[in-house]
Structure formats: structure tokens, C-alpha cells
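The data block below is run.txt; it holds compact mmCIF, C-alpha atoms and all ligand atoms.
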# COMPACT_ATOMS: atom_id res chain seq x y z
CA MET A 1 -20.88 -18.37 11.74
CA ALA A 2 -18.63 -15.49 12.74
CA VAL A 3 -16.30 -14.20 10.02
CA PRO A 4 -13.30 -12.06 11.00
CA PHE A 5 -12.26 -9.07 8.90
CA ILE A 6 -8.87 -10.68 8.43
CA ASP A 7 -7.37 -14.07 9.28
CA LEU A 8 -3.64 -14.49 8.73
CA LYS A 9 -3.42 -18.04 10.06
CA ARG A 10 -4.62 -20.01 7.04
CA PHE A 11 -1.28 -21.53 6.17
CA GLU A 12 -0.90 -24.11 3.42
CA PRO A 13 -0.02 -27.72 4.29
CA GLY A 14 3.73 -27.94 4.81
CA PHE A 15 4.19 -24.18 5.20
CA MET A 16 4.95 -24.29 8.93
CA ASP A 17 7.59 -27.00 8.54
CA ARG A 18 9.33 -25.05 5.80
CA TRP A 19 9.22 -21.92 7.95
CA MET A 20 10.78 -23.72 10.92
CA GLU A 21 13.62 -24.86 8.64
CA LYS A 22 14.17 -21.25 7.58
CA VAL A 23 14.19 -20.04 11.20
CA ARG A 24 16.82 -22.65 12.01
CA HIS A 25 18.94 -21.63 9.01
CA VAL A 26 18.80 -17.89 9.80
CA THR A 27 19.45 -18.48 13.50
CA GLU A 28 22.29 -20.98 13.11
CA ASN A 29 24.00 -18.64 10.67
CA THR A 30 23.17 -15.48 12.72
CA MET A 31 21.80 -13.75 9.63
CA PHE A 32 19.86 -11.34 11.81
CA VAL A 33 20.23 -8.03 9.96
CA GLY A 34 20.85 -7.66 6.24
CA GLY A 35 23.26 -10.19 4.76
CA PRO A 36 22.75 -12.78 2.03
CA VAL A 37 19.16 -13.65 2.94
CA VAL A 38 18.13 -10.00 2.37
CA ALA A 39 20.28 -9.69 -0.78
CA ASP A 40 18.68 -12.85 -2.21
CA LEU A 41 15.20 -11.55 -1.46
CA GLU A 42 15.98 -8.20 -3.13
CA LYS A 43 17.12 -10.03 -6.25
CA ARG A 44 13.97 -12.13 -6.27
CA LEU A 45 11.73 -9.09 -5.68
CA ALA A 46 13.25 -7.40 -8.72
CA GLU A 47 12.82 -10.58 -10.78
CA VAL A 48 9.17 -11.20 -9.90
CA THR A 49 8.11 -7.57 -10.30
CA GLY A 50 10.25 -6.72 -13.30
CA ALA A 51 11.56 -3.63 -11.49
CA PRO A 52 15.21 -2.90 -12.37
CA ALA A 53 16.19 -2.99 -8.67
CA ALA A 54 14.66 -3.53 -5.23
CA VAL A 55 16.05 -2.43 -1.86
CA GLY A 56 14.73 -3.94 1.37
CA CYS A 57 14.17 -1.71 4.40
CA ALA A 58 12.58 -1.66 7.83
CA ASN A 59 8.96 -0.76 6.95
CA GLY A 60 6.76 0.95 4.36
CA THR A 61 6.95 4.35 6.07
CA ASP A 62 10.75 4.28 5.89
CA ALA A 63 10.50 3.18 2.27
CA LEU A 64 8.61 6.40 1.53
CA GLN A 65 11.10 8.50 3.48
CA LEU A 66 14.01 6.86 1.68
CA ALA A 67 12.45 7.55 -1.71
CA LEU A 68 11.68 11.16 -0.75
CA ARG A 69 15.25 11.70 0.45
CA VAL A 70 16.67 10.16 -2.73
CA ALA A 71 14.36 12.45 -4.74
CA GLY A 72 16.01 15.38 -2.96
CA VAL A 73 12.96 16.41 -0.94
CA GLY A 74 13.79 18.39 2.19
CA PRO A 75 12.94 21.43 4.30
CA GLY A 76 10.84 24.08 2.54
CA ASP A 77 9.62 21.71 -0.18
CA ARG A 78 6.00 20.84 -0.96
CA VAL A 79 4.86 17.35 -1.92
CA LEU A 80 1.46 16.46 -3.38
CA ILE A 81 -0.36 13.52 -1.80
CA PRO A 82 -3.92 12.22 -2.20
CA ASP A 83 -6.32 13.21 0.58
CA ALA A 84 -7.41 9.57 0.91
CA THR A 85 -4.53 7.38 2.07
CA PHE A 86 -3.00 5.93 5.20
CA TRP A 87 -1.49 8.51 7.55
CA ALA A 88 2.06 7.25 6.86
CA THR A 89 1.97 8.98 3.46
CA PHE A 90 1.42 12.36 5.15
CA GLU A 91 3.90 11.61 7.95
CA ALA A 92 6.69 10.59 5.58
CA VAL A 93 6.60 13.98 3.86
CA VAL A 94 6.70 15.86 7.17
CA ASN A 95 9.43 13.58 8.54
CA VAL A 96 11.81 14.60 5.75
CA GLY A 97 11.15 18.28 6.53
CA ALA A 98 8.70 19.04 3.71
CA LYS A 99 5.00 19.97 3.73
CA PRO A 100 2.21 17.92 2.15
CA VAL A 101 -0.43 19.42 -0.12
CA THR A 102 -3.52 17.20 -0.14
CA VAL A 103 -5.31 16.63 -3.44
CA ASP A 104 -8.87 15.32 -3.52
CA ILE A 105 -9.79 11.97 -5.07
CA ASP A 106 -11.79 10.87 -8.09
CA MET A 107 -14.84 8.96 -6.86
CA THR A 108 -14.79 6.64 -9.89
CA ASP A 109 -11.56 4.92 -8.77
CA LEU A 110 -10.96 6.47 -5.29
CA GLN A 111 -7.42 7.54 -6.27
CA MET A 112 -5.89 11.04 -6.65
CA ASP A 113 -7.89 13.08 -9.17
CA PHE A 114 -5.71 13.77 -12.21
CA ASP A 115 -7.27 17.13 -13.14
CA LEU A 116 -6.99 18.42 -9.57
CA PHE A 117 -3.42 17.12 -9.45
CA ARG A 118 -2.53 19.24 -12.52
CA LYS A 119 -4.13 22.27 -10.87
CA ALA A 120 -2.15 21.54 -7.69
CA VAL A 121 1.11 21.39 -9.66
CA ASP A 122 0.40 24.85 -11.09
CA GLU A 123 -0.64 26.30 -7.74
CA TYR A 124 2.00 24.77 -5.49
CA ALA A 125 5.05 23.96 -7.67
CA PRO A 126 5.74 20.74 -5.74
CA LYS A 127 9.21 19.26 -5.41
CA ALA A 128 7.74 15.74 -5.74
CA VAL A 129 4.48 13.84 -5.96
CA LEU A 130 3.42 10.84 -3.88
CA LEU A 131 0.80 8.91 -5.82
CA VAL A 132 -0.81 6.21 -3.68
CA HIS A 133 -2.23 3.02 -5.20
CA LEU A 134 -4.97 2.49 -2.66
CA TYR A 135 -7.09 -0.62 -2.00
CA GLY A 136 -5.12 -3.03 -4.19
CA TRP A 137 -5.63 -1.28 -7.50
CA CYS A 138 -4.55 1.99 -9.12
CA THR A 139 -5.79 5.12 -10.84
CA ALA A 140 -7.28 4.87 -14.32
CA ARG A 141 -5.00 7.82 -15.20
CA LEU A 142 -1.68 6.16 -14.27
CA ASP A 143 -0.15 6.79 -17.71
CA ASP A 144 -1.20 10.45 -17.53
CA PHE A 145 0.38 10.91 -14.09
CA ARG A 146 3.62 9.27 -15.22
CA GLU A 147 3.82 11.16 -18.52
CA PHE A 148 2.96 14.52 -16.94
CA CYS A 149 5.58 14.17 -14.19
CA ALA A 150 8.23 12.96 -16.63
CA ALA A 151 7.53 15.91 -18.96
CA ARG A 152 7.70 18.42 -16.11
CA ARG A 153 10.68 16.63 -14.47
CA ILE A 154 8.80 16.23 -11.20
CA PRO A 155 9.87 13.11 -9.27
CA LEU A 156 6.84 10.79 -9.06
CA ILE A 157 7.06 8.37 -6.14
CA GLU A 158 4.40 5.67 -6.14
CA ASP A 159 3.29 4.56 -2.69
CA GLY A 160 2.61 0.93 -3.50
CA ALA A 161 2.22 -0.26 0.09
CA GLN A 162 -1.09 -1.89 -0.82
CA CYS A 163 -0.38 -3.01 -4.37
CA PHE A 164 2.10 -5.89 -4.42
CA GLY A 165 0.85 -8.11 -7.25
CA VAL A 166 -1.18 -5.35 -8.93
CA THR A 167 -0.68 -4.98 -12.68
CA TRP A 168 -1.20 -2.07 -15.04
CA LYS A 169 -1.77 -3.07 -18.67
CA GLY A 170 -0.42 -6.52 -17.88
CA ARG A 171 2.82 -5.47 -16.20
CA ALA A 172 3.58 -5.32 -12.49
CA ILE A 173 2.90 -1.77 -11.39
CA TYR A 174 6.34 -1.44 -9.75
CA ALA A 175 8.09 -2.34 -13.01
CA ASP A 176 7.53 1.00 -14.72
CA ALA A 177 7.59 3.39 -11.76
CA TRP A 178 10.45 5.86 -11.39
CA MET A 179 10.49 4.92 -7.71
CA ALA A 180 7.82 2.91 -5.90
CA THR A 181 7.59 1.70 -2.35
CA THR A 182 5.88 -1.13 -0.57
CA SER A 183 5.04 -2.23 2.94
CA PHE A 184 5.34 -5.81 4.10
CA TYR A 185 3.25 -5.17 7.22
CA PRO A 186 1.73 -8.59 8.05
CA ALA A 187 -1.83 -7.63 7.01
CA LYS A 188 -0.79 -6.66 3.48
CA VAL A 189 -1.39 -9.01 0.53
CA PHE A 190 2.31 -9.83 0.67
CA GLY A 191 3.03 -9.42 4.36
CA SER A 192 5.94 -10.39 6.55
CA CYS A 193 6.21 -11.83 10.07
CA GLY A 194 7.14 -8.37 11.36
CA ASP A 195 7.60 -4.86 10.02
CA ALA A 196 9.46 -4.60 6.69
CA GLY A 197 9.31 -2.67 3.43
CA ALA A 198 11.03 -2.17 0.09
CA VAL A 199 11.81 0.49 -2.47
CA PHE A 200 11.60 -0.40 -6.17
CA CYS A 201 13.95 1.69 -8.30
CA SER A 202 14.15 2.32 -12.03
CA SER A 203 17.96 2.29 -12.00
CA LYS A 204 20.88 0.82 -10.09
CA GLU A 205 22.05 4.33 -9.25
CA LEU A 206 18.76 5.12 -7.48
CA ALA A 207 18.96 1.78 -5.68
CA ASP A 208 22.50 2.51 -4.50
CA ARG A 209 21.45 5.90 -3.14
CA THR A 210 18.43 4.33 -1.42
CA ARG A 211 20.63 1.70 0.21
CA LEU A 212 23.12 4.37 1.29
CA HIS A 213 20.42 6.36 3.12
CA GLY A 214 18.94 3.27 4.77
CA ASN A 215 22.26 2.11 6.19
CA HIS A 216 23.66 5.17 8.01
CA GLY A 217 25.01 6.70 4.80
CA ARG A 218 27.69 4.01 4.79
CA VAL A 219 30.22 4.13 1.99
CA THR A 220 32.38 1.62 3.86
CA HIS A 221 31.73 0.27 7.34
CA TYR A 222 32.98 3.38 9.17
CA LEU A 223 32.91 5.91 6.34
CA HIS A 224 29.62 7.80 6.15
CA GLY A 225 28.85 9.73 2.97
CA VAL A 226 25.43 11.21 3.85
CA ILE A 227 23.15 11.64 6.85
CA GLY A 228 20.96 8.57 6.65
CA TRP A 229 19.53 6.38 9.37
CA ASN A 230 19.05 2.72 10.18
CA SER A 231 16.32 1.19 8.06
CA ARG A 232 17.76 -2.25 7.42
CA MET A 233 15.57 -5.30 6.87
CA ALA A 234 15.82 -8.15 9.39
CA GLY A 235 16.96 -11.57 8.21
CA LEU A 236 13.90 -13.35 9.56
CA ASP A 237 11.61 -11.02 7.62
CA ALA A 238 13.57 -11.67 4.43
CA ALA A 239 13.41 -15.43 5.03
CA TRP A 240 9.65 -15.30 5.64
CA LEU A 241 9.04 -13.18 2.55
CA ASP A 242 11.22 -15.45 0.43
CA LEU A 243 9.18 -18.46 1.57
CA CYS A 244 5.85 -16.66 1.06
CA LEU A 245 6.81 -15.77 -2.50
CA ASP A 246 6.43 -19.49 -3.27
CA TYR A 247 2.79 -19.24 -2.17
CA PHE A 248 2.04 -15.73 -3.38
CA ASP A 249 0.25 -16.58 -6.64
CA ALA A 250 -2.18 -18.96 -4.94
CA ARG A 251 -2.83 -16.56 -2.06
CA MET A 252 -3.45 -13.62 -4.36
CA ALA A 253 -5.65 -15.67 -6.73
CA SER A 254 -7.84 -16.66 -3.80
CA ARG A 255 -8.24 -13.00 -2.76
CA VAL A 256 -8.95 -11.81 -6.31
CA GLU A 257 -11.56 -14.54 -6.76
CA ALA A 258 -13.17 -13.62 -3.44
CA ALA A 259 -13.24 -9.92 -4.36
CA ALA A 260 -14.99 -10.72 -7.66
CA ARG A 261 -17.45 -13.00 -5.84
CA TYR A 262 -18.38 -10.20 -3.44
CA ARG A 263 -18.95 -7.74 -6.27
CA GLU A 264 -21.17 -10.21 -8.12
CA ALA A 265 -23.23 -10.67 -4.96
CA PHE A 266 -23.47 -6.92 -4.36
CA ALA A 267 -24.51 -6.35 -7.97
CA ARG A 268 -27.28 -8.93 -7.50
CA MET A 269 -28.41 -7.22 -4.27
CA GLY A 270 -28.74 -3.97 -6.20
CA ASN A 271 -28.60 -1.66 -3.17
CA VAL A 272 -24.87 -1.91 -2.38
CA LYS A 273 -22.69 0.70 -4.06
CA TYR A 274 -19.13 -0.40 -4.68
CA VAL A 275 -16.11 0.78 -6.62
CA ALA A 276 -14.23 -1.68 -8.83
CA PRO A 277 -10.66 -1.41 -10.19
CA PRO A 278 -10.42 0.54 -13.47
CA GLU A 279 -10.01 -1.15 -16.82
CA GLY A 280 -6.38 -2.00 -17.49
CA CYS A 281 -5.61 -2.64 -13.84
CA GLY A 282 -5.30 -6.16 -12.44
CA GLU A 283 -6.13 -5.95 -8.73
CA ASN A 284 -4.51 -8.00 -5.96
CA GLY A 285 -7.65 -8.45 -3.84
CA TYR A 286 -6.38 -6.35 -0.93
CA LEU A 287 -9.73 -4.71 -0.19
CA VAL A 288 -13.25 -4.48 -1.53
CA ALA A 289 -14.66 -0.96 -1.24
CA THR A 290 -18.40 -0.60 -0.65
CA LEU A 291 -19.87 2.85 -0.17
CA MET A 292 -22.65 3.14 2.40
CA ASP A 293 -24.96 6.06 3.07
CA PRO A 294 -23.00 7.82 5.86
CA ALA A 295 -26.21 8.35 7.84
CA ARG A 296 -26.95 4.61 7.80
CA ARG A 297 -23.43 3.19 8.14
CA PRO A 298 -23.30 3.14 11.99
CA ALA A 299 -26.54 1.14 12.23
CA ILE A 300 -25.40 -1.28 9.50
CA GLU A 301 -22.10 -1.78 11.31
CA ALA A 302 -23.87 -2.41 14.62
CA LYS A 303 -25.92 -5.17 12.98
CA LEU A 304 -22.83 -6.75 11.40
CA LYS A 305 -21.13 -6.73 14.80
CA GLU A 306 -24.17 -8.47 16.37
CA GLN A 307 -23.73 -11.24 13.77
CA GLY A 308 -20.00 -11.55 14.42
CA ILE A 309 -19.12 -10.23 10.96
CA GLY A 310 -15.89 -8.24 10.85
CA PHE A 311 -15.44 -5.22 8.59
CA GLY A 312 -13.01 -2.38 7.96
CA ASN A 313 -13.31 1.37 7.39
CA THR A 314 -10.14 1.94 5.38
CA TYR A 315 -9.77 4.86 6.13
CA PRO A 316 -12.34 6.71 8.24
CA SER A 317 -10.74 10.17 7.96
CA ALA A 318 -9.11 12.11 5.14
CA MET A 319 -5.57 13.41 5.68
CA SER A 320 -6.80 17.02 5.63
CA GLU A 321 -9.08 16.40 8.62
CA GLN A 322 -6.60 14.51 10.81
CA PRO A 323 -5.82 16.44 14.01
CA GLY A 324 -2.10 15.76 13.48
CA ALA A 325 -2.18 17.52 10.10
CA ARG A 326 -2.78 20.92 11.70
CA GLY A 327 0.20 23.17 11.14
CA TRP A 328 1.91 20.76 8.75
CA SER A 329 -0.23 20.90 5.60
CA ALA A 330 0.75 23.44 2.94
CA GLY A 331 -2.74 23.38 1.40
CA HIS A 332 -5.59 21.38 -0.11
CA VAL A 333 -6.76 21.24 -3.71
CA GLY A 334 -10.29 20.18 -4.62
CA GLY A 335 -13.35 19.34 -2.59
CA ASP A 336 -14.33 16.87 0.08
CA ASN A 337 -14.63 13.54 -1.77
CA ALA A 338 -12.00 11.95 0.47
CA ARG A 339 -13.84 13.13 3.58
CA VAL A 340 -17.14 11.73 2.30
CA LEU A 341 -15.36 8.48 1.36
CA GLY A 342 -14.16 8.16 4.96
CA LYS A 343 -17.71 8.35 6.23
CA SER A 344 -19.05 5.94 3.57
CA ILE A 345 -16.41 3.25 3.18
CA LEU A 346 -17.09 -0.22 4.48
CA ASN A 347 -14.76 -3.12 3.62
CA PRO A 348 -16.06 -6.68 4.01
CA PRO A 349 -13.79 -9.49 5.30
CA LEU A 350 -11.17 -10.42 2.73
CA PHE A 351 -8.07 -12.56 3.14
CA ALA A 352 -6.34 -15.47 1.44
CA TYR A 353 -8.43 -18.65 1.52
CA ILE A 354 -11.65 -17.07 2.79
CA THR A 355 -14.28 -19.67 1.87
CA PRO A 356 -17.40 -19.18 -0.30
CA ALA A 357 -19.47 -20.22 2.75
CA GLU A 358 -17.92 -17.44 4.80
CA GLN A 359 -18.56 -14.95 2.02
CA ASP A 360 -22.19 -16.09 1.78
CA GLU A 361 -22.52 -15.45 5.50
CA VAL A 362 -21.12 -11.92 5.09
CA VAL A 363 -23.44 -11.17 2.16
CA ALA A 364 -26.48 -12.50 4.03
CA ALA A 365 -25.62 -10.43 7.12
CA LEU A 366 -25.16 -7.32 5.00
CA LYS A 367 -28.47 -7.94 3.24
CA ALA A 368 -30.26 -8.21 6.59
CA ALA A 369 -28.44 -5.14 7.97
CA MET A 370 -29.43 -3.04 4.96
CA ALA A 371 -33.08 -4.17 4.82
C1 LIG B 1 -0.74 3.47 1.64
C2 LIG B 1 0.25 3.14 2.72
N1 LIG B 1 1.39 3.84 2.79
C3 LIG B 1 2.32 3.57 3.72
C4 LIG B 1 2.14 2.57 4.65
C5 LIG B 1 3.17 2.38 5.71
O1 LIG B 1 3.69 1.10 5.79
P1 LIG B 1 4.28 0.52 7.18
O2 LIG B 1 3.13 0.28 8.09
O3 LIG B 1 4.98 -0.73 6.77
O4 LIG B 1 5.21 1.54 7.72
C6 LIG B 1 0.97 1.80 4.61
C7 LIG B 1 0.79 0.70 5.56
O5 LIG B 1 -0.20 0.51 6.19
C8 LIG B 1 -0.01 2.10 3.63
O6 LIG B 1 -1.14 1.41 3.55

Would you mind writing the file's structure down as C-alpha cells?
Ligand SMILES: Cc1ncc(COP(=O)(O)O)c(C=O)c1O
Amino acid sequence: MAVPFIDLKRFEPGFMDRWMEKVRHVTENTMFVGGPVVADLEKRLAEVTGAPAAVGCANGTDALQLALRVAGVGPGDRVLIPDATFWATFEAVVNVGAKPVTVDIDMTDLQMDFDLFRKAVDEYAPKAVLLVHLYGWCTARLDDFREFCAARRIPLIEDGAQCFGVTWKGRAIYADAWMATTSFYPAKVFGSCGDAGAVFCSSKELADRTRLHGNHGRVTHYLHGVIGWNSRMAGLDAAWLDLCLDYFDARMASRVEAAARYREAFARMGNVKYVAPPEGCGENGYLVATLMDPARRPAIEAKLKEQGIGFGNTYPSAMSEQPGARGWSAGHVGGDNARVLGKSILNPPLFAYITPAEQDEVVAALKAAMA
């Protein structure tokens, strides 16, 4: 049986009918951009996450750029980012005129290394820090990052594109961030039917400034207070996300259960290295991270492909080795863990409602490929 890396079509009974009703409602009322459907979603996002305020926007990359602009980051500034992340984290810093400094990762949780981060703060005096919660969990040192940045008055923006649903010490991770962002790209754990994103803010004032930047700096319809741009959320995306919130707990539970099932199987196999979320962090089942011997990974992948088993390499290259980073990076702190991770990482299929039979197929194929 072939198993895809991701399958977004496993809708619950009745879901499609409810969605068609929503499409009709949005269309008949021409709620195409912004409006009450987006405002209602923002309210609900704040309620379910416990964040003081949430602002919808066009995508997760814009969410980062909005947060950076609100944090006052601009030309000449340096921003720390982890060396292992999606390219959008790097791009967002450059797009607001600043330069990223890449910081290597801690191989125990695959997130930015806290000790190297402290060294980077001393060496580069960054204007802000972008901490990424990669793979559907977070760093074991989250409290340390937050406390350190608060004490030094360095704006800490948490790139939570992959962590909707993730908890830290029992609370939604967005709830206690100064500013956090998310992406609703369809393949995320909480994805939309198009591109969309949000910024979670610790105060109404930050939310107002975020909204201002994402809507042409509008104070009133034709009065523009700052140079912003258009990063408004579409009504259909808001309607889809509102509907999917009703199903979110079940979808996430299925992913979390599947992630645990994989890890149990890999532990039984004995020869598959994997990294699990740190204690204190409740994952959302976005990705399972296995670490292959880089020399053997291509052959293992070829065998999985022969069996019709999908897989991911999230992400195959560190930021510091991307060709597009040349000329834009202000420096790198630490070693090459992120680069090695890129050559080792292999993510098995994982999506809401993957079946135990499908997972057994994946595990059997991996066992054969690694023999
Ligand atoms: C860590 C991270 N940051 C930022 C983004 C950008 O989000 P979007 O694709 O919605 O612009 C993504 C999405 O893939 C991501 O994974």
C-alpha cells in the first residue's frame, strides 16, 4: 500500500456540507477581504490560544514581517535566527531591511541553542530575536529565552508557523509570547484553504500597530499614518479556519497519537535515531524527526520511493548554506549542527487521520530499507 507524505483530503463526515454553507454565506454577503468573518476569527483565535489579541494577515511570512516592523526592526539592524528553519524566517528579516545572524541548534531538541544565543547577543547586539518553534514542538529552554530577552529588553518574536496547538507547561505557546506569529498554509496542522497567517500579541496596543501596518497604515480609510502594505486576510480563509477550529482537537489528537506510535515503533526497531519534544512541551504532531546516517539516507530514500512511501526532509539545507543568503547574513554563531541536521533529517508520513495500518506499512518499509 502506498502512503503519501501528506494527505489533506481526509475530511470528517458533514465537513464538506458545512463548508459549502460557509462559501455561500461569504459569497452572498461579499465578505471577500477582512470584515466581520475575519474579526470573528481573530476573536476566536485569541480565545482558544489564550493570547491577549490576534491579528489575521495574508500569510506566515507577512506575519513575521509585521511583527518585525512593530518591534522597530529596520535598515542597519541585526536579528538573531536559528540556522535550522524555513527560509521565510531569513527572508522576513532581510525584507524589512535588517540582516540575519544565524545561530546553531541544540541537537537534543533541534531548536536554537540557548548558550550560543547568549554568545550571539554579546557579539552582535541584535535589535530583535526570532525564535522558531520547529517541527511542532519548542525548545526546552523557552523560559530562559523569554526571561533573558525580557531582562535585556530585546524584542523576542516567536515564529510559531509550525506550532498551532503546541503547549508549554500546559499553556498554549502563543499565550505567553511577547509577539508570536503563525502560518495557515494548508499543509500546517491548522491550515487554511489558501495562504493566510496571524500575529499573536501580548497587548491590544501591539495588535493595533500590527493591524495598522498590515492595512496600508490606515488610520481612517484615506488617512495613512505609517508606511505599511496590504496583508489582509481573505474572508474565505477566515471562514475555512473558523470551521476547522471545530475539528481542530480531533485532528491534532490523531496526529499526536500517530507521532507517538511512530516513536514507539522506532524505539522497538532500535536502529532509528529520532528526536522527541522536550519535557514540558505538548507537541501538535506536525512532524516526526528521524535522523539518518547522511551517507545512507539517499539509499534509504530510494527504497522508500520504490515502495510508494512518501517522506519529507524538513529542511535539507541550513539557512547559512542557502545560496540566497550570500551577501545578506551578518554572521553565524556556533558550529554546523543545522547543516548536519539537513543531511540527516527524514520525516515519515504524518497527517490527520493517518491509519495504524498505513503507519505499519511505513515502519515495515523503513525496516527493510535500513536492513
Ligand atoms: C517556520 C516557518 N516560518 C515561516 C513560514 C512562512 O509561512 P507562509 O508560508 O504562510 O508564508 C513557514 C511556513 O512554511 C514556516 O514553516

A:Gln307, A:Asn230, A:Ser344, A:Ser202 ranked by distance to Tyr274 of chain A, top pick (using all atoms listed in the file):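 With all atoms listed in the file as the atom set, the closest residue is A:Ser344.
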
Give as a PyMOL selection string the residues surrounding ligand LIG 1 (chain B) up to a distance of 10 Å, considering all atoms listed in the file. chain A and resi 57-64+84-92+130-136+158-163+181-188+191-192+194-198+314-315

With a distance cut-off of 9 Å and all atoms listed in the file, select the neighbouring residues of Trp168 of chain A, excluding the residue or stretch itself and same-chain residues fewer than 2 positions from it, and output the selection as number ranges by chain. A: 137-138, 142, 166, 170-173, 280-283

Between atom CA of Val340 of chain A and atom CA of Ile309 of chain A - distance in Å to one decimal: 23.7 Å

Using only C-alpha atoms, which of A:Val275, A:Ala46, A:Ala258, A:Ile300 sits nearest Thr355 of chain A?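 Among A:Val275, A:Ala46, A:Ala258, A:Ile300, it is A:Ala258 that comes nearest to Thr355 of chain A.
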
Report the closest atom pair, with its distance in Å rounded to one decimal, for each residue of segment 5-59 of chain A that has an atom no farther than 8 Å from segment 234-237 of chain A; count all atoms listed in the file, sort by chain and then rising residue number, and write it as JSON lines.
{"residue": "A:Val23", "atom": "CA", "partner": "A:Leu236", "partner_atom": "CA", "distance": 6.9}
{"residue": "A:Val26", "atom": "CA", "partner": "A:Leu236", "partner_atom": "CA", "distance": 6.7}
{"residue": "A:Met31", "atom": "CA", "partner": "A:Gly235", "partner_atom": "CA", "distance": 5.5}
{"residue": "A:Phe32", "atom": "CA", "partner": "A:Gly235", "partner_atom": "CA", "distance": 4.6}
{"residue": "A:Val33", "atom": "CA", "partner": "A:Ala234", "partner_atom": "CA", "distance": 4.4}
{"residue": "A:Gly34", "atom": "CA", "partner": "A:Gly235", "partner_atom": "CA", "distance": 5.9}
{"residue": "A:Gly35", "atom": "CA", "partner": "A:Gly235", "partner_atom": "CA", "distance": 7.3}
{"residue": "A:Val37", "atom": "CA", "partner": "A:Gly235", "partner_atom": "CA", "distance": 6.1}
{"residue": "A:Val38", "atom": "CA", "partner": "A:Gly235", "partner_atom": "CA", "distance": 6.2}
{"residue": "A:Ala58", "atom": "CA", "partner": "A:Ala234", "partner_atom": "CA", "distance": 7.4}

Have a look at A:Glu321, A:Ala352, A:Pro36, A:His224 and name the one nearest to Ser254 of chain A; count all atoms listed in the file.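 So, comparing all the options, the nearest one is A:Ala352.
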
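If all atoms listed in the file are the atoms counted, then among A:Cys201, A:Val219, A:Leu350, A:Leu304 the closest residue to Ala368 of chain A is A:Leu304.
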
Go through A:Ala338, A:Val94, A:Ala39, A:Val73 and flag the residue nearest Gly324 of chain A, using only C-alpha atoms for the distances. A:Val94

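Taking all atoms listed in the file, the non-local environment of Met1 of chain A within 10 Å (same-chain residues fewer than 2 positions away omitted) comprises Val3, Pro4, Gln307, Gly308, Ile309, Ala357, Glu358, Glu361 and Val362 of chain A.
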
From the set A:Asp242, A:Asp293, A:Glu264, A:Glu257, which residue has the shortest atom-to-atom contact distance to Lys43 of chain A, counting all atoms listed in the file? A:Asp242

Who sits within 8 Å of Ala259 of chain A, only C-alpha atoms, same chain under 2 positions skipped, as a PyMOL selection string: chain A and resi 255-257+261-263+285+287-288+350

Is there a way to get, as a ChimeraX atom specification, all residues within 7 Å of the point (-10.5, -6.7, 9.5) in file coordinates, counting all atoms listed in the file? /A:4-6,310-312,349

Can you measure atom CA of Ala71 of chain A to atom CA of Gly97 of chain A for me? One decimal in Å is fine. 13.1 Å

Å distance separating atom CA of Ala128 of chain A from atom CA of Lys169 of chain A, one decimal place: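 Atom CA of Lys169 of chain A lies at a distance of 24.7 Å from atom CA of Ala128 of chain A.
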